[in-house]
Amino acid sequence: MVSPELNMYIDRIKETTFYEEKLVLAVRGFVDLFPFMGAILCNYSTLSQMGEGLWSILDQELCSIRDIRVDMRNMPLIQHAIREQRAVLLDSEAIRQIPPNLVYGAPYALILPISYGSNVLGYAGISWHQDGCSGINHQLIQSLSAYCAMLGKVLATDSLPPKTVKLSRREVEVMQRMSWGESVKEMADWMGISEFTVQDYIKSALKKLGVQNRAQGVADAIRQRIIC
C-alpha cells in the first residue's frame with residue numbers, strides 16, 4: 001500500500017512546472033522518503049542502450065552528473081535490472097564492476113528501473129541505508145518500486161493539455177539523436193551538415209516545443225510521440 005507521504009510527494013512533482021525541477025525532486029525523494037543518504041538518477045535510451053547521468057544526491061548535497069555517459073551493455077547487472085524491470089541489489093562484490101564515478105564509494109547499491117508501461121525511461125541507484133545493506137528488505141524494495149512506477153508515469157506524462165507540434169524532418173532527426181545522447185559534432189558528422197546547422201535545428205525545435213532546454217525538449221518530444 002502506498003503511503004500518504006509518498007502520494008503527497010508525487011503530487012508535488014506533478015505540480016512542478018519545469019521538467020528539470022521534476023528530476024531534482026525525483027532524486028531527492030529517494031533520501032527524503034526513504035532511509036537512504038545517497039542516490040543517483042540516470043536516463044536510459046532503449047535504442048542506443050546508453051545511460052546518461054542526470055542528478056546525484058549524497059548527504060543532501062545535490063550534483064548534476066550529466067557528463068556521465070555509459071554503454072549499458074558493459075554493465076550487465078544494471079542492464080539485467082532494466083530488461084527485467086525489477087530491483088537488483090548489487091553487493092560489495094558486484095558493485096566493483098560499476099565505474100567509480102557512478103558509485104561514489106558506496107559499498108553496495110540498489111538498482112531500480114524507472115518505467116512507464118513497457119518503456120524504461122531510466123534508473124536509480126541508491127545506497128547508504130541507515131542500517132547498512134542488511135536494512136534493505138522486501139517491504140522496502142516494494143515501496144521503492146512503487147515510487148519508481150509513479151515517477152515513471154509522472155516523468156513520461158504531465159498535467160499540461162495536449163498540444164500538437166509539427167517539427168520538420170531534420171528537427172525530428174536531431175531531437176531523436178539528442179535523445180540517444182549524441183553530441184552536436186556526432187549529429188553533424190552523421191547527417192552531413194555543419195555543427196552550426198545542427199544547433200539551428202535544435203534551437204528551432206525547442207522553440208516550437210515551447211521548452212527551455214534540451215532535456216525538457218527530449219522529454220516533451222517523447223511524450224508527444226514525436227520521437228521514441
# chains A, B, ... in the order shown; residues from 1 in each chain; ligands from 1
>>> residues_around(residues="Met75 of chain A", least_positions_apart="5", cutoff="12 Å", atoms="only C-alpha atoms", output="list in words")
Gln49, Met50, Gly51, Val70, His80, Ala81, Ile82, Leu90, Ala94, Ile95, Arg96, Gln97, Ile98, Pro99, Leu102 and Ile111 of chain A
>>> residues_around(residues="Ile68 of chain A", least_positions_apart="4", cutoff="8 Å", atoms="only C-alpha atoms", output="PyMOL selection string")
chain A and resi 52-53+101
>>> closest_atom_pairs(of="segment 52-91 of chain A", to="segment 135-155 of chain A", cutoff="12 Å", atoms="only C-alpha atoms", output="JSON lines")
{"residue": "A:Ala81", "atom": "CA", "partner": "A:Ser145", "partner_atom": "CA", "distance": 11.9}
{"residue": "A:Gln85", "atom": "CA", "partner": "A:Ser145", "partner_atom": "CA", "distance": 9.6}
{"residue": "A:Arg86", "atom": "CA", "partner": "A:Ser145", "partner_atom": "CA", "distance": 7.7}
{"residue": "A:Ala87", "atom": "CA", "partner": "A:Ser145", "partner_atom": "CA", "distance": 7.2}
{"residue": "A:Val88", "atom": "CA", "partner": "A:Ile141", "partner_atom": "CA", "distance": 9.5}
{"residue": "A:Leu89", "atom": "CA", "partner": "A:Ile136", "partner_atom": "CA", "distance": 9.0}
{"residue": "A:Leu90", "atom": "CA", "partner": "A:Ile136", "partner_atom": "CA", "distance": 11.6}
{"residue": "A:Asp91", "atom": "CA", "partner": "A:Ile136", "partner_atom": "CA", "distance": 11.5}
>>> closest_atom_pairs(of="segment 113-178 of chain A", to="segment 209-222 of chain A", cutoff="8 Å", atoms="only C-alpha atoms", output="Markdown table")
| residue | atom | partner | partner_atom | distance |
| --- | --- | --- | --- | --- |
| A:Leu155 | CA | A:Ala219 | CA | 7.9 |
| A:Ala156 | CA | A:Ala219 | CA | 7.1 |
| A:Val165 | CA | A:Leu209 | CA | 6.5 |
| A:Met175 | CA | A:Val218 | CA | 6.3 |
| A:Gln176 | CA | A:Val218 | CA | 7.7 |
| A:Met178 | CA | A:Val218 | CA | 7.3 |
>>> write_last_selection(atoms="C-alpha atoms", output="mmCIF file, in the first residue's frame")
data_model
loop_
_atom_site.group_PDB
_atom_site.id
_atom_site.type_symbol
_atom_site.label_atom_id
_atom_site.label_comp_id
_atom_site.auth_asym_id
_atom_site.auth_seq_id
_atom_site.Cartn_x
_atom_site.Cartn_y
_atom_site.Cartn_z
ATOM 1 C CA LEU A 155 8.069 11.871 -15.987
ATOM 2 C CA ALA A 156 6.578 10.358 -19.135
ATOM 3 C CA VAL A 165 3.635 20.432 -32.595
ATOM 4 C CA MET A 175 15.744 15.542 -31.390
ATOM 5 C CA GLN A 176 15.880 11.774 -31.831
ATOM 6 C CA MET A 178 19.819 14.034 -28.961
#
>>> select_by_dssp(residues="segment 18-174 of chain A", states="strand (DSSP E or B)", output="PyMOL selection string")
chain A and resi 36-45+50-58+61-64+69-71+88-90+109-116+119-129
>>> select_by_dssp(residues="segment 9-175 of chain A", states="alpha helix (DSSP H)", output="JSON, numbers by chain")
{"A": [9, 10, 11, 12, 13, 14, 15, 19, 20, 21, 22, 23, 24, 25, 26, 27, 28, 29, 30, 31, 32, 76, 77, 78, 79, 80, 81, 82, 83, 84, 100, 101, 102, 103, 138, 139, 140, 141, 142, 143, 144, 145, 146, 147, 148, 149, 150, 151, 152, 153, 154, 155, 156, 169, 170, 171, 172, 173, 174, 175]}
>>> atom_distance(atom1="atom CA of Lys166 of chain A", atom2="atom CA of Lys208 of chain A")
7.8 Å
>>> atom_distance(atom1="atom CA of Ser179 of chain A", atom2="atom CA of Asn74 of chain A")
19.7 Å
>>> atom_distance(atom1="atom CA of Leu206 of chain A", atom2="atom CA of Ile114 of chain A")
25.0 Å
>>> closest_residue(among="A:Val198, A:Val31, A:Met72, A:Leu6", to="Val172 of chain A", atoms="only C-alpha atoms")
A:Val198
>>> closest_residue(among="A:Tyr19, A:Trp128, A:Tyr44, A:Tyr123", to="Tyr104 of chain A", atoms="only C-alpha atoms")
A:Trp128
>>> closest_residue(among="A:Leu121, A:Ser3, A:Pro100, A:Gly192", to="Thr157 of chain A", atoms="only C-alpha atoms")
A:Leu121
>>> residues_around(residues="Ser204 of chain A", least_positions_apart="5", cutoff="9 Å", atoms="only C-alpha atoms", output="NGL selection string")
:A and (167 or 171 or 199 or 209)
>>> write_last_selection(atoms="all heavy atoms", output="CSV table (one decimal), in the first residue's frame")
chain,number,residue,atom,x,y,z
A,167,LEU,N,7.2,19.4,-36.2
A,167,LEU,CA,8.6,19.6,-36.5
A,167,LEU,C,9.0,19.2,-37.9
A,167,LEU,O,8.4,18.2,-38.4
A,167,LEU,CB,9.5,18.9,-35.5
A,167,LEU,CG,9.2,19.2,-34.0
A,167,LEU,CD1,10.2,18.4,-33.1
A,167,LEU,CD2,9.3,20.6,-33.7
A,171,GLU,N,14.4,18.5,-37.9
A,171,GLU,CA,14.2,18.8,-36.5
A,171,GLU,C,13.9,17.5,-35.7
A,171,GLU,O,14.4,17.3,-34.6
A,171,GLU,CB,13.1,19.9,-36.3
A,171,GLU,CG,13.5,21.2,-36.7
A,171,GLU,CD,12.4,22.2,-36.8
A,171,GLU,OE1,11.2,21.7,-36.9
A,171,GLU,OE2,12.6,23.4,-36.9
A,199,GLN,N,22.8,23.0,-34.6
A,199,GLN,CA,22.4,23.9,-33.5
A,199,GLN,C,21.2,24.7,-33.8
A,199,GLN,O,20.3,24.9,-33.0
A,199,GLN,CB,23.6,24.8,-33.0
A,199,GLN,CG,24.7,24.0,-32.4
A,199,GLN,CD,25.9,24.9,-32.1
A,199,GLN,OE1,26.1,25.9,-32.8
A,199,GLN,NE2,26.8,24.5,-31.2
A,209,LEU,N,8.5,23.5,-29.5
A,209,LEU,CA,8.0,22.7,-28.4
A,209,LEU,C,7.7,23.6,-27.2
A,209,LEU,O,7.0,23.1,-26.3
A,209,LEU,CB,9.1,21.6,-28.0
A,209,LEU,CG,9.3,20.5,-29.1
A,209,LEU,CD1,10.5,19.7,-28.7
A,209,LEU,CD2,8.0,19.6,-29.1
>>> closest_residue(among="A:Val2, A:Ala109, A:Val120, A:Ile65", to="Thr46 of chain A", atoms="only C-alpha atoms")
A:Val120
>>> closest_residue(among="A:Met191, A:Leu47, A:Ile226, A:Cys42", to="Asp67 of chain A", atoms="only C-alpha atoms")
A:Cys42
